[in-house]
$ cat coords.cif   # mmCIF, C-alpha atoms
data_run
#
loop_
_atom_site.label_atom_id
_atom_site.label_comp_id
_atom_site.auth_asym_id
_atom_site.auth_seq_id
_atom_site.Cartn_x
_atom_site.Cartn_y
_atom_site.Cartn_z
CA MET A 972 0.00 0.00 0.00
CA LYS A 973 1.31 3.42 -0.88
CA GLU A 974 2.25 5.60 2.06
CA ARG A 975 -0.25 8.37 2.67
CA SER A 976 -0.77 11.14 5.19
CA ILE A 977 -3.05 13.96 6.26
CA GLN A 978 -2.44 17.05 8.29
CA ILE A 979 -5.06 18.41 10.66
CA GLU A 980 -5.42 21.36 12.97
CA SER A 981 -5.22 20.60 16.66
CA LYS A 982 -8.95 20.61 17.36
CA THR A 983 -11.39 17.87 18.24
CA GLU A 984 -13.67 18.71 15.27
CA GLU A 985 -11.03 17.08 13.11
CA LEU A 986 -11.27 13.66 14.79
CA ILE A 987 -14.05 12.53 12.49
CA ALA A 988 -11.88 13.23 9.43
CA VAL A 989 -9.00 11.30 11.01
CA ARG A 990 -11.22 8.29 11.67
CA ASP A 991 -12.51 8.36 8.08
CA PHE A 992 -8.99 8.61 6.67
CA VAL A 993 -7.69 5.73 8.79
CA SER A 994 -10.78 3.52 8.32
CA HIS A 995 -10.59 3.86 4.58
CA ALA A 996 -6.92 2.85 4.48
CA ALA A 997 -7.39 -0.04 6.94
CA GLN A 998 -10.28 -1.38 4.91
CA GLU A 999 -8.26 -1.17 1.72
CA PHE A 1000 -5.42 -3.02 3.47
CA GLY A 1001 -7.79 -5.91 4.10
CA PHE A 1002 -8.86 -5.66 7.74
CA SER A 1003 -12.27 -6.89 8.87
CA ASP A 1004 -14.88 -4.29 9.85
CA GLU A 1005 -14.20 -5.10 13.50
CA ASP A 1006 -10.47 -4.46 13.15
CA VAL A 1007 -11.07 -1.31 11.09
CA SER A 1008 -13.15 0.07 13.99
CA LYS A 1009 -10.45 -0.86 16.50
CA ILE A 1010 -7.73 0.89 14.51
CA ALA A 1011 -9.86 4.02 13.99
CA LEU A 1012 -10.61 4.19 17.73
CA ALA A 1013 -6.94 3.73 18.70
CA VAL A 1014 -5.88 6.53 16.34
CA ASP A 1015 -8.68 8.76 17.63
CA GLU A 1016 -7.33 8.20 21.17
CA ALA A 1017 -3.76 9.01 20.12
CA CYS A 1018 -4.84 12.23 18.36
CA THR A 1019 -7.10 13.23 21.26
CA ASN A 1020 -4.10 12.87 23.59
CA VAL A 1021 -2.01 15.14 21.40
CA ILE A 1022 -4.75 17.79 21.02
CA LYS A 1023 -5.45 17.72 24.75
CA HIS A 1024 -2.08 17.17 26.39
CA ALA A 1025 0.67 18.07 23.91
CA TYR A 1026 -1.09 21.12 22.45
CA SER A 1027 -3.59 22.02 25.20
CA TYR A 1028 -6.30 22.60 22.56
CA ASP A 1029 -4.24 25.22 20.70
CA ALA A 1030 -5.90 25.13 17.24
CA THR A 1031 -3.01 27.00 15.61
CA LYS A 1032 -0.92 23.83 15.92
CA ASN A 1033 -0.94 20.89 13.56
CA LEU A 1034 -0.74 17.12 13.70
CA LYS A 1035 0.27 14.85 10.88
CA ILE A 1036 -1.08 11.33 10.58
CA SER A 1037 0.77 9.02 8.23
CA ILE A 1038 -0.03 5.46 7.24
CA ARG A 1039 2.33 2.84 5.96
CA GLY A 1040 1.44 -0.70 5.02
CA ALA A 1041 4.07 -3.32 4.48
CA LYS A 1042 3.44 -7.07 4.16
CA ASN A 1043 0.99 -7.80 6.95
CA SER A 1044 1.87 -4.79 9.07
CA PHE A 1045 -0.28 -1.65 9.11
CA GLU A 1046 1.39 1.29 10.81
CA VAL A 1047 -0.17 4.62 11.71
CA THR A 1048 2.16 7.33 12.99
CA ILE A 1049 0.98 10.54 14.64
CA HIS A 1050 3.51 13.37 14.55
CA ASP A 1051 3.33 16.52 16.68
CA ASN A 1052 5.54 19.31 17.93
CA GLY A 1053 3.87 19.80 21.28
CA ARG A 1054 4.79 19.20 24.85
CA ILE A 1055 6.48 15.91 25.53
CA PHE A 1056 4.25 13.34 27.09
CA ASP A 1057 5.60 9.88 27.66
CA PRO A 1058 2.82 7.40 28.23
CA ASN A 1059 5.43 4.65 28.47
CA GLY A 1060 5.62 5.83 32.03
CA VAL A 1061 1.91 5.14 32.45
CA LYS A 1062 1.48 1.65 33.81
CA ARG A 1063 -1.32 -0.51 32.52
CA PRO A 1064 -3.96 0.06 35.16
CA ASP A 1065 -5.75 -2.65 37.05
CA MET A 1066 -9.16 -1.86 35.57
CA LYS A 1067 -11.14 -3.28 38.46
CA GLU A 1068 -9.26 -1.12 40.90
CA TYR A 1069 -9.40 1.81 38.50
CA LEU A 1070 -13.14 1.67 37.92
CA SER A 1071 -13.93 1.24 41.57
CA HIS A 1072 -12.42 4.68 42.15
CA PHE A 1073 -14.50 6.25 39.39
CA ARG A 1074 -11.49 7.79 37.72
CA LYS A 1075 -12.34 9.38 34.43
CA GLY A 1076 -9.00 10.13 32.75
CA GLY A 1077 -6.29 7.91 31.34
CA LEU A 1078 -8.57 5.42 29.64
CA GLY A 1079 -7.26 6.36 26.20
CA VAL A 1080 -3.75 4.97 26.62
CA TYR A 1081 -5.16 1.75 27.99
CA LEU A 1082 -7.54 1.46 25.02
CA MET A 1083 -4.78 2.10 22.49
CA LYS A 1084 -2.66 -0.66 23.98
CA SER A 1085 -5.61 -3.04 24.08
CA LEU A 1086 -6.77 -2.39 20.53
CA MET A 1087 -3.43 -2.43 18.71
CA ASP A 1088 -0.61 -4.98 18.55
CA LYS A 1089 2.10 -2.41 19.22
CA VAL A 1090 2.22 1.16 20.53
CA GLU A 1091 5.61 2.86 20.34
CA TYR A 1092 6.62 6.36 21.34
CA ASN A 1093 9.53 8.09 19.74
CA ILE A 1094 10.43 11.13 21.76
CA ARG A 1095 13.69 12.94 21.01
CA PRO A 1096 14.36 16.49 22.11
CA GLY A 1097 14.46 18.80 19.09
CA SER A 1098 12.47 16.44 16.84
CA PRO A 1099 8.73 16.01 16.43
CA ASN A 1100 7.11 13.59 18.86
CA GLN A 1101 5.86 10.43 17.25
CA VAL A 1102 3.54 7.71 18.36
CA LYS A 1103 3.39 4.68 16.12
CA LEU A 1104 0.45 2.30 16.29
CA THR A 1105 0.83 -1.06 14.56
CA LYS A 1106 -1.70 -3.75 13.82
CA TYR A 1107 -0.96 -6.97 11.97
CA LEU A 1108 -3.30 -8.39 9.41
CA PRO A 1109 -4.34 -11.85 10.57
CA SER A 1110 -2.97 -14.59 8.31
CA GLN A 1111 -5.39 -15.83 5.68
CA ASN A 1112 -4.91 -19.59 6.19
CA MET B 222 -26.54 16.53 10.00
CA SER B 223 -24.92 16.83 13.38
CA GLU B 224 -22.59 14.00 14.33
CA PHE B 225 -24.01 13.56 17.83
CA ASN B 226 -27.48 14.20 19.23
CA ILE B 227 -29.26 13.67 22.50
CA SER B 228 -32.97 13.56 23.08
CA GLN B 229 -34.39 13.45 26.54
CA ARG B 230 -37.69 12.24 27.95
CA GLU B 231 -39.14 11.22 31.30
CA THR B 232 -40.95 7.91 31.78
CA LYS B 233 -42.32 6.84 35.15
CA ASP B 234 -39.98 9.12 37.07
CA VAL B 235 -36.98 7.80 35.13
CA ASN B 236 -35.11 10.09 32.76
CA VAL B 237 -34.11 8.56 29.48
CA LEU B 238 -31.34 10.01 27.35
CA GLU B 239 -31.32 8.71 23.81
CA ILE B 240 -27.89 9.22 22.36
CA LYS B 241 -27.26 9.08 18.67
CA GLY B 242 -24.17 9.20 16.48
CA TYR B 243 -20.52 9.60 17.34
CA LEU B 244 -19.43 10.24 20.90
CA ASP B 245 -15.82 11.43 20.94
CA ALA B 246 -13.72 14.18 22.51
CA HIS B 247 -15.53 16.73 20.35
CA THR B 248 -19.08 15.70 21.21
CA ALA B 249 -18.59 14.47 24.81
CA PRO B 250 -19.29 17.96 26.28
CA LYS B 251 -22.87 17.69 24.94
CA LEU B 252 -23.43 14.57 27.03
CA GLU B 253 -21.74 16.24 29.99
CA ASP B 254 -24.19 19.15 29.71
CA ALA B 255 -27.13 16.76 29.61
CA PHE B 256 -25.98 14.99 32.79
CA GLN B 257 -25.27 18.29 34.48
CA GLY B 258 -28.79 19.47 33.63
CA LEU B 259 -30.33 16.34 35.14
CA LEU B 260 -28.27 16.60 38.32
CA LYS B 261 -29.15 20.27 38.68
CA SER B 262 -32.84 19.36 38.67
CA SER B 263 -32.18 16.53 41.12
CA LYS B 264 -32.96 13.80 38.59
CA TYR B 265 -30.89 10.82 39.54
CA LYS B 266 -32.65 7.88 37.89
CA ILE B 267 -31.10 7.88 34.48
CA VAL B 268 -31.24 5.44 31.58
CA VAL B 269 -28.99 6.05 28.59
CA ASN B 270 -30.44 4.37 25.53
CA CYS B 271 -27.53 3.66 23.15
CA LYS B 272 -29.58 2.20 20.29
CA ASP B 273 -28.32 4.72 17.75
CA LEU B 274 -24.87 5.22 19.22
CA SER B 275 -22.47 4.34 16.43
CA TYR B 276 -19.18 5.11 18.11
CA ILE B 277 -17.69 5.83 21.51
CA SER B 278 -14.14 6.78 22.51
CA SER B 279 -12.62 7.14 25.97
CA ALA B 280 -13.77 10.77 26.11
CA GLY B 281 -17.36 9.51 25.99
CA LEU B 282 -16.72 6.72 28.47
CA GLY B 283 -15.15 9.29 30.78
CA VAL B 284 -18.43 11.20 30.97
CA PHE B 285 -20.17 8.18 32.50
CA MET B 286 -17.31 7.84 34.95
CA ALA B 287 -17.51 11.51 35.88
CA PHE B 288 -21.16 11.47 36.93
CA VAL B 289 -21.97 8.00 38.23
CA GLU B 290 -20.56 8.60 41.70
CA ASP B 291 -22.66 11.71 42.33
CA VAL B 292 -25.74 10.04 40.94
CA ARG B 293 -25.33 7.02 43.21
CA LYS B 294 -24.65 9.18 46.25
CA ASN B 295 -28.16 10.48 45.66
CA LYS B 296 -29.66 6.99 45.55
CA GLY B 297 -29.91 6.99 41.78
CA ASP B 298 -28.03 5.25 39.02
CA ILE B 299 -26.96 5.53 35.40
CA LYS B 300 -28.10 2.44 33.52
CA LEU B 301 -27.29 1.75 29.92
CA SER B 302 -29.38 -0.06 27.35
CA ASN B 303 -29.75 -1.13 23.71
CA MET B 304 -26.04 -1.14 22.90
CA SER B 305 -24.85 -2.51 19.60
CA PRO B 306 -22.31 -5.32 19.98
CA LYS B 307 -19.63 -3.01 18.56
CA VAL B 308 -20.18 -0.35 21.22
CA PHE B 309 -20.64 -2.96 23.96
CA ASN B 310 -17.23 -4.41 23.12
CA ILE B 311 -15.55 -1.11 23.97
CA PHE B 312 -17.36 -0.84 27.30
CA ASP B 313 -16.48 -4.46 27.95
CA LEU B 314 -12.82 -3.99 27.11
CA LEU B 315 -12.57 -1.48 29.93
CA GLY B 316 -14.49 -3.59 32.39
CA PHE B 317 -17.51 -1.29 32.53
CA PRO B 318 -19.98 -4.17 32.95
CA LEU B 319 -18.51 -4.61 36.43
CA LEU B 320 -19.58 -1.14 37.36
CA TYR B 321 -22.67 -0.41 35.30
CA ASP B 322 -25.96 -2.11 34.70
CA ILE B 323 -26.04 -2.70 30.96
CA LEU B 324 -29.41 -4.00 29.82
CA ALA B 325 -30.56 -5.31 26.47
CA ASP B 326 -33.66 -3.16 26.46
CA GLU B 327 -34.71 0.28 27.70
CA SER B 328 -37.89 -0.96 29.41
CA GLU B 329 -35.82 -3.51 31.30
CA ALA B 330 -33.55 -0.72 32.50
CA ILE B 331 -36.51 1.42 33.60
CA ASN B 332 -38.02 -1.54 35.42
CA ARG B 333 -34.82 -1.99 37.40
CA PHE B 334 -35.52 1.38 39.00
CA LEU B 335 -39.16 0.60 39.61
CA ASP B 336 -38.34 -2.73 41.23
CA SER B 337 -36.23 -0.61 43.61
CA LYS B 338 -33.72 -3.40 43.92
CA PRO B 339 -30.38 -2.42 45.34
CA ILE B 340 -27.80 -1.49 42.75
CA ILE B 341 -25.71 -4.50 41.89
CA PRO B 342 -23.29 -3.77 39.13
CA GLY B 343 -22.17 -6.69 37.05
CA ASN B 344 -25.47 -7.69 35.50
CA ALA B 345 -23.96 -7.30 32.10
CA LYS B 346 -25.60 -8.56 29.00
CA LYS B 347 -23.62 -11.26 27.28
#
$ encode --input "coords.cif" --output "C-alpha cells"
Amino acid sequence: MKERSIQIESKTEELIAVRDFVSHAAQEFGFSDEDVSKIALAVDEACTNVIKHAYSYDATKNLKISIRGAKNSFEVTIHDNGRIFDPNGVKRPDMKEYLSHFRKGGLGVYLMKSLMDKVEYNIRPGSPNQVKLTKYLPSQN
Amino acid sequence: MSEFNISQRETKDVNVLEIKGYLDAHTAPKLEDAFQGLLKSSKYKIVVNCKDLSYISSAGLGVFMAFVEDVRKNKGDIKLSNMSPKVFNIFDLLGFPLLYDILADESEAINRFLDSKPIIPGNAKK
C-alpha cells in the first residue's frame, strides 16, 4: 500500500476526518470491519491525547497522521511538535481497581494498547514527537 | 446533519437520554451538559439508551465515569441499554460491565428502578 498522510489542525472537530482517513486505508489493506473500527478508535485516542495534552487545545498547531502498510503490518504514525508526554511511564492500570475509584481520565492509553498490537513512542528532544500504532493483518490460512 | 445528538424524555420518574451518532472528545461535552442538567434538577434515575450510538471513545466513556458517583450518592443510578455489539465491546474492554448495569432493552432498564432493587453492578448482558 502506498504511504499516505493527512495534516489536521489541533482541534477535536477534526477527529471525524481522522477516523474516516484511517478507516478507509485499513479497509483497503484488508482488515475486517471489526479491526477497522479498533484501529480508527486507537488513532482517535492518540490524536485526542495530542490535542489535549501536547497542544492544550491550541488550534493554531498541527498534527500529521501518516499510514504505511508493508506485508501484513499496518502502521499509523501521529507526529506533533507539542509538549512531551511519555505514556510509556503510564502503567497498565488494574481496571477493576481503576473503575472502583471512578477515575475518568487515562482510559485512552489503555484502550490504544488493548486495541493495537504495538504502541511505540519516539520522543527525542528537538524532533517532532511520534507515536506509532501497529496492527498486523491476521494470516489468511 | 450533526454528528451527535441527545434527546431526553421522562418515563415513570426515570429520565431517558437517547444518544445518537458519534461520541468522541468533540461531542462528549454535549453529554456532559445533559448529565449536568439532570443533576441540577435533582434527577438521579437515568437510563442512557444507546440504540443509535455508532461510536464511543474514551472521552465519551469518561463522561459516564464523571457522573456516576454523584448520581449514586443520591440513591440513583446511570443504567445503559440497547447497545450494539460493537459499542458494547468497547465498554467491555474497559471492564464497565462490572460497574454499570447494561441492559438489552430500555424498558428492562426502567423496570430496574421501579423494582427498587439495590444497585448491583455486574449484570452485564452477554
$ atom_distance --input "coords.cif" --atom1 "CA of Asn1093 in chain A" --atom2 "CA of Thr1019 in chain A"
17.5 Å
$ closest_residue --input "coords.cif" --among "A:Lys1084, A:Lys1106, A:His1024, A:His995" --to "Ser1044 in chain A" --atoms "all atoms listed in the file"
A:Lys1106
$ closest_residue --input "coords.cif" --among "A:Tyr1107, A:Phe992, A:Tyr1092, A:Tyr1081" --to "chain B" --atoms "all atoms listed in the file"
A:Tyr1081
$ resolve_selection --input "coords.cif" --expression "the PyMOL selection byres ((chain B) within 7 of (chain A))" --output "compact mmCIF listing (two decimals) with C-alpha atoms, in the coordinates of the input"
# COMPACT_ATOMS: atom_id res chain seq x y z
CA ALA B 246 -13.72 14.18 22.51
CA HIS B 247 -15.53 16.73 20.35
CA SER B 278 -14.14 6.78 22.51
CA SER B 279 -12.62 7.14 25.97
CA GLY B 283 -15.15 9.29 30.78
CA MET B 286 -17.31 7.84 34.95
CA ALA B 287 -17.51 11.51 35.88
CA GLU B 290 -20.56 8.60 41.70
CA LEU B 315 -12.57 -1.48 29.93
CA GLY B 316 -14.49 -3.59 32.39
$ closest_residue --input "coords.cif" --among "B:Lys233, B:Lys251, B:Arg293, B:Lys241" --to "Ser263 in chain B" --atoms "all atoms listed in the file"
B:Arg293
$ resolve_selection --input "coords.cif" --expression "the PyMOL selection byres ((chain B and resi 257) around 12)" --output "list in words"
Pro250, Lys251, Leu252, Glu253, Asp254, Ala255, Phe256, Gly258, Leu259, Leu260, Lys261, Ser262, Ser263, Lys264, Tyr265, Ile267, Val284, Phe285, Ala287, Phe288, Val289, Asp291 and Val292 of chain B
$ residues_around --input "coords.cif" --residues "Ile331 in chain B" --least-positions-apart "3" --cutoff "9 Å" --atoms "all atoms listed in the file" --output "list of chain:residue names"
B:Thr232, B:Lys233, B:Val235, B:Asn236, B:Val237, B:Lys266, B:Ile267, B:Val268, B:Lys300, B:Asp326, B:Glu327, B:Ser328, B:Phe334, B:Leu335, B:Asp336
$ resolve_selection --input "coords.cif" --expression "the PyMOL selection byres ((chain A and resi 1033) around 8)" --output "tab-separated table (two decimals) with C-alpha atoms, in the coordinates of the input"
chain	number	residue	atom	x	y	z
A	978	GLN	CA	-2.44	17.05	8.29
A	979	ILE	CA	-5.06	18.41	10.66
A	980	GLU	CA	-5.42	21.36	12.97
A	981	SER	CA	-5.22	20.60	16.66
A	1030	ALA	CA	-5.90	25.13	17.24
A	1031	THR	CA	-3.01	27.00	15.61
A	1032	LYS	CA	-0.92	23.83	15.92
A	1034	LEU	CA	-0.74	17.12	13.70
A	1035	LYS	CA	0.27	14.85	10.88
A	1051	ASP	CA	3.33	16.52	16.68
A	1052	ASN	CA	5.54	19.31	17.93
$ atom_distance --input "coords.cif" --atom1 "CA of Met1087 in chain A" --atom2 "CA of Ser275 in chain B"
20.3 Å
$ closest_residue --input "coords.cif" --among "A:Val1014, A:Ile1094, A:Ile1038, A:Leu1108" --to "Ser976 in chain A" --atoms "all atoms listed in the file"
A:Ile1038
$ residues_around --input "coords.cif" --residues "Ala1025 in chain A" --least-positions-apart "3" --cutoff "6 Å" --atoms "all atoms listed in the file" --output "PDB file with C-alpha atoms, in the coordinates of the input"
ATOM      1  CA  VAL A1021      -2.010  15.140  21.400  1.00  0.00           C
ATOM      2  CA  GLY A1053       3.870  19.800  21.280  1.00  0.00           C
ATOM      3  CA  ARG A1054       4.790  19.200  24.850  1.00  0.00           C
TER       4      ARG A1054
END
$ residues_around --input "coords.cif" --residues "Thr1105 in chain A" --least-positions-apart "6" --cutoff "7 Å" --atoms "only C-alpha atoms" --output "count of residues only"
8
$ atom_distance --input "coords.cif" --atom1 "CA of Glu239 in chain B" --atom2 "CA of Ile227 in chain B"
5.5 Å
$ closest_residue --input "coords.cif" --among "A:Ser1110, A:Arg990, A:Pro1096, A:Glu974" --to "Asp245 in chain B" --atoms "all atoms listed in the file"
A:Arg990
$ closest_residue --input "coords.cif" --among "B:Met304, B:Ile299, B:Leu244, B:Val269" --to "Gly281 in chain B" --atoms "all atoms listed in the file"
B:Leu244
